[in-house]
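Below is one structure, written out as structure tokens, with a few remarks after it.
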Amino acid sequence: MTFEYDENGAVADAFAAALRDAINAKKVTLSWLQQRLKRRGNRVSMATLSYWRSGARRPEGAQSLAALSDIEELLGLEDGHLTKRLRSTKRTGPLGPSQFPIDEEGVEQAVKEAFAALDTAYPDPTREVTTHSVTDVDAEGNLSYSVTRSVIQATSGTVRATPFLELTPGVRTTSPIFSAVSGGRITGKYSHSSGEVHGVLFELDAPLTAPDTTIVEWSVAYPPGYPPTHETGHAVSRQCRELLVWTRFHPDALPDWCEERVETPAGVTITPVSVNRSGSVHQLYRAFGPGVVELRWGYGPRDEAGQPD
């Protein structure tokens, strides 16, 4: 945490002070704020809000940073009033090696061609610090829509745009529909001739100079005619502090089986997993990467080799 010292030598956290002042000016309690955040889908605990107010901790991670925009609105503040007071630590931290996340030379070559077509450097000079990827599965059991929220960090130089790609190794697809939700806009699109790599260039709201971070959010919709797909996941080329892949199934399409597939430089592991009572599966990894976390599902029995009959 970054602190400042006031004229009396006391430690002052600009973010915590701004949050306290806003709560006092609104004449509300932390309980009031927590309940209204919950109604908006931001489940921030009372303890966390208390830590933020006191300066003992500050918001980190995609979900916490996203909750700040709601807090600013609820407290009648201007956009960015709180977030601009979150000072960067000015460190990249341990970067680790950058490596293509899957063992597919043909797909990696297609990705390099995508980067070249989008006029951006390969490998990408950013890393994902925290990423939450949420995918909805439709009543037919296929991919319907996904939204990804990520805190990204420039690892060198100044970054103005970064590519977001969808990979389908071995499966030719039409391009899904990419949309910028927050943090930037789409300025370029690309589809490889193989049909296995589609993507966009996401221009950031403001240039990002190493080691600063920003938060971005984008979505992908899978249109009619897209091949039936019973898997989802997220890949990172550098170590990610926190990676969450959350898959939510339509109540009419709860799968008969699910498995987690994790690929890293150390190899591939496949583990059976169960759908929880809410009809979803979440996969949470910390200090993960390079590699890919996937969820696969199906309907009907499976043979001993782990393939559907």
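In the structure tokens, the first chain shown is A, the next is B, and so on; residue numbers restart at 1 for each chain, and ligands run from 1 in the order shown.
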* To do: Give me every strand (DSSP E or B) residue in region 38-201 of chain A, going by DSSP on the backbone, as a PyMOL selection string.
  => chain A and resi 126-137+143-154+158-167+177-182+184-191+197-201
Need the shell around Asp70 (chain A): protein/DNA/RNA residues with any atom at most 9 Å away, counting only C-alpha atoms. Skip same-chain ones fewer than 4 positions apart. Format as an NGL selection string?
:A and (37 or 40 or 42 or 66 or 74-75)
Counting only C-alpha atoms, which residues of region 136-211 of chain A fall within 8 Å of region 247-271 of chain A, and what is the closest atom pair for each with its distance in Å at one decimal, ordered by chain and rising number, as CSV?
residue,atom,partner,partner_atom,distance
A:Asp136,CA,A:Arg248,CA,4.9
A:Val137,CA,A:Phe249,CA,4.8
A:Asp138,CA,A:His250,CA,5.4
A:Ala139,CA,A:Ala253,CA,5.2
A:Glu140,CA,A:Ala253,CA,6.2
A:Gly141,CA,A:Ala253,CA,5.1
Keeping only C-alpha atoms, take the residues you just selected and write them out as a compact mmCIF listing (two decimals), in the first residue's frame.
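Ended up saving to out_19.txt:
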# COMPACT_ATOMS: atom_id res chain seq x y z
CA ASP A 136 -23.36 -18.66 -19.96
CA VAL A 137 -24.48 -21.92 -21.55
CA ASP A 138 -27.81 -21.91 -23.43
CA ALA A 139 -30.75 -24.33 -23.27
CA GLU A 140 -29.12 -26.48 -25.97
CA GLY A 141 -26.01 -26.92 -23.84
For Thr232 (chain A), which residue among A:Asn24, A:Ser150, A:Thr168, A:Thr187 is the nearest when counting only C-alpha atoms?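 Distance minimum relative to Thr232 (chain A) lands on A:Thr168.
Near Val151 (chain A), within 9 Å and counting only C-alpha atoms, sit A:Gly61, A:Ala62, A:Leu65, A:Arg127, A:Glu128, A:Val129, A:Thr130, A:Thr131, A:Thr213, A:Thr214, A:Ile215, A:Val216, A:Glu217; same-chain residues fewer than 3 positions away were not included.
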inquiry  = I want to know what sits within 9 Å of Thr209 (chain A), based on only C-alpha atoms, with residues of the same chain fewer than 6 positions away left out; could you give that as a PyMOL selection string?
reply    = chain A and resi 153-160
- Extract the full set of helix (DSSP H, G or I) residues from region 36-212 of chain A according to DSSP on the backbone, and format it as a count of residues only. 42
Correct to one decimal, the distance CA of Gly195 (chain A)-CA of Trp297 (chain A) is 22.7 Å
For Ala210 (chain A), which of A:Gly188, A:Val197, A:Pro125, A:Leu86 is the closest residue, counting only C-alpha atoms?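 Checking each candidate against Ala210 (chain A), we get A:Pro125 as the closest.
Around Gly184 (chain A), within 6 Å and counting only C-alpha atoms, the residues found are Glu203, Leu204 and Asp205 of chain A, once anything fewer than 5 positions away on its own chain is removed.
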Judged by only C-alpha atoms, the minimum distance to Pro228 (chain A) among A:Gly55, A:Gly298, A:Pro272, A:Gly76 is found for A:Gly298
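Each of A:Asp13, A:Arg57, A:Leu143, A:Leu167 was compared to Arg296 (chain A) using only C-alpha atoms, and A:Leu143 turns out to be the nearest.
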Q) Can you tell me, as a list in words, what residues are no more than 8 Å from region 18-21 of chain A when counting only C-alpha atoms, ignoring any on the same chain fewer than 6 positions away? A)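 Skipping anything fewer than 6 positions along the chain leaves Trp52, Arg53, Ser54 and Leu82 of chain A.
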Next, the residues of the selection above should be written as an mmCIF file, in the first residue's frame with N, CA and C atoms.
data_model
loop_
_atom_site.group_PDB
_atom_site.id
_atom_site.type_symbol
_atom_site.label_atom_id
_atom_site.label_comp_id
_atom_site.auth_asym_id
_atom_site.auth_seq_id
_atom_site.Cartn_x
_atom_site.Cartn_y
_atom_site.Cartn_z
ATOM 1 N N TRP A 52 -11.301 -1.027 3.833
ATOM 2 C CA TRP A 52 -11.090 0.051 2.860
ATOM 3 C C TRP A 52 -11.247 1.422 3.510
ATOM 4 N N ARG A 53 -12.261 1.548 4.362
ATOM 5 C CA ARG A 53 -12.525 2.831 5.006
ATOM 6 C C ARG A 53 -11.400 3.220 5.964
ATOM 7 N N SER A 54 -10.837 2.232 6.646
ATOM 8 C CA SER A 54 -9.791 2.523 7.627
ATOM 9 C C SER A 54 -8.414 2.685 6.999
ATOM 10 N N LEU A 82 -12.829 7.988 -6.522
ATOM 11 C CA LEU A 82 -12.112 7.081 -5.623
ATOM 12 C C LEU A 82 -10.990 6.341 -6.337
#
- Query: Skipping near chain neighbours, those fewer than 5 positions away, what residues fall within 10 Å of region 175-182 of chain A using only C-alpha atoms, listed as a PyMOL selection string?
  - Reply: chain A and resi 145-149+164-166+187+189-192+195-200+202-205+215-224+226
Now that the selection is made, can you save its residues with N, CA and C atoms as a short mmCIF file (atom, residue, chain, number, x, y, z; two decimals), in the first residue's frame?
data_model
loop_
_atom_site.label_atom_id
_atom_site.label_comp_id
_atom_site.auth_asym_id
_atom_site.auth_seq_id
_atom_site.Cartn_x
_atom_site.Cartn_y
_atom_site.Cartn_z
N TYR A 145 -22.77 -16.89 -24.36
CA TYR A 145 -22.26 -15.53 -24.13
C TYR A 145 -21.21 -15.59 -23.03
N SER A 146 -20.17 -14.81 -23.19
CA SER A 146 -19.16 -14.72 -22.12
C SER A 146 -18.75 -13.27 -21.94
N VAL A 147 -18.37 -12.95 -20.72
CA VAL A 147 -17.86 -11.61 -20.42
C VAL A 147 -16.62 -11.79 -19.56
N THR A 148 -15.58 -11.04 -19.87
CA THR A 148 -14.31 -11.14 -19.16
C THR A 148 -13.91 -9.78 -18.64
N ARG A 149 -13.54 -9.75 -17.38
CA ARG A 149 -13.07 -8.52 -16.73
C ARG A 149 -11.66 -8.78 -16.25
N PHE A 164 -7.38 -9.21 -28.03
CA PHE A 164 -8.13 -10.26 -27.35
C PHE A 164 -8.51 -11.28 -28.41
N LEU A 165 -8.17 -12.56 -28.17
CA LEU A 165 -8.36 -13.59 -29.18
C LEU A 165 -9.20 -14.74 -28.65
N GLU A 166 -9.94 -15.38 -29.55
CA GLU A 166 -10.64 -16.63 -29.28
C GLU A 166 -9.95 -17.72 -30.09
N THR A 187 -10.89 -1.36 -32.15
CA THR A 187 -10.45 -0.58 -33.31
C THR A 187 -9.98 -1.46 -34.47
N LYS A 189 -10.36 -5.78 -36.23
CA LYS A 189 -10.84 -7.16 -36.14
C LYS A 189 -10.02 -8.04 -37.08
N TYR A 190 -9.92 -9.33 -36.73
CA TYR A 190 -9.13 -10.25 -37.56
C TYR A 190 -9.66 -11.67 -37.41
N SER A 191 -9.69 -12.39 -38.51
CA SER A 191 -10.00 -13.81 -38.52
C SER A 191 -8.96 -14.52 -39.36
N HIS A 192 -8.31 -15.53 -38.81
CA HIS A 192 -7.30 -16.29 -39.54
C HIS A 192 -7.96 -17.20 -40.55
N GLY A 195 -9.68 -20.42 -39.53
CA GLY A 195 -10.92 -20.40 -38.77
C GLY A 195 -10.74 -20.79 -37.33
N GLU A 196 -9.48 -20.95 -36.88
CA GLU A 196 -9.22 -21.37 -35.50
C GLU A 196 -8.81 -20.20 -34.60
N VAL A 197 -8.60 -19.03 -35.18
CA VAL A 197 -8.20 -17.86 -34.40
C VAL A 197 -8.99 -16.65 -34.89
N HIS A 198 -9.72 -16.05 -33.99
CA HIS A 198 -10.46 -14.82 -34.28
C HIS A 198 -10.16 -13.84 -33.16
N GLY A 199 -10.14 -12.55 -33.48
CA GLY A 199 -9.85 -11.61 -32.41
C GLY A 199 -10.06 -10.17 -32.80
N VAL A 200 -9.80 -9.31 -31.83
CA VAL A 200 -9.96 -7.86 -32.01
C VAL A 200 -8.79 -7.15 -31.35
N PHE A 202 -8.13 -4.11 -28.92
CA PHE A 202 -8.84 -3.33 -27.90
C PHE A 202 -7.97 -2.13 -27.54
N GLU A 203 -8.39 -0.95 -27.98
CA GLU A 203 -7.65 0.28 -27.68
C GLU A 203 -8.06 0.78 -26.30
N LEU A 204 -7.08 0.99 -25.44
CA LEU A 204 -7.34 1.41 -24.06
C LEU A 204 -7.84 2.85 -24.02
N ASP A 205 -8.60 3.16 -22.98
CA ASP A 205 -9.09 4.53 -22.81
C ASP A 205 -7.96 5.54 -22.72
N ILE A 215 -8.12 -1.48 -15.80
CA ILE A 215 -9.13 -2.54 -15.80
C ILE A 215 -9.93 -2.45 -17.09
N VAL A 216 -10.13 -3.59 -17.73
CA VAL A 216 -10.87 -3.64 -19.00
C VAL A 216 -11.92 -4.74 -18.91
N GLU A 217 -12.93 -4.61 -19.74
CA GLU A 217 -14.00 -5.61 -19.77
C GLU A 217 -14.49 -5.74 -21.20
N TRP A 218 -14.62 -6.98 -21.65
CA TRP A 218 -15.13 -7.22 -22.99
C TRP A 218 -16.01 -8.47 -22.99
N SER A 219 -16.84 -8.58 -24.01
CA SER A 219 -17.76 -9.71 -24.08
C SER A 219 -17.64 -10.39 -25.45
N VAL A 220 -18.10 -11.64 -25.48
CA VAL A 220 -18.11 -12.42 -26.72
C VAL A 220 -19.45 -13.13 -26.80
N ALA A 221 -20.16 -12.93 -27.89
CA ALA A 221 -21.43 -13.63 -28.14
C ALA A 221 -21.22 -14.62 -29.28
N TYR A 222 -21.87 -15.77 -29.18
CA TYR A 222 -21.72 -16.83 -30.17
C TYR A 222 -23.00 -16.90 -30.99
N PRO A 223 -22.94 -16.46 -32.23
CA PRO A 223 -24.16 -16.26 -33.04
C PRO A 223 -24.73 -17.58 -33.56
N PRO A 224 -25.97 -17.56 -34.07
CA PRO A 224 -26.53 -18.74 -34.73
C PRO A 224 -25.61 -19.20 -35.85
N TYR A 226 -22.84 -20.81 -35.21
CA TYR A 226 -21.56 -21.14 -34.59
C TYR A 226 -21.57 -22.62 -34.21
#
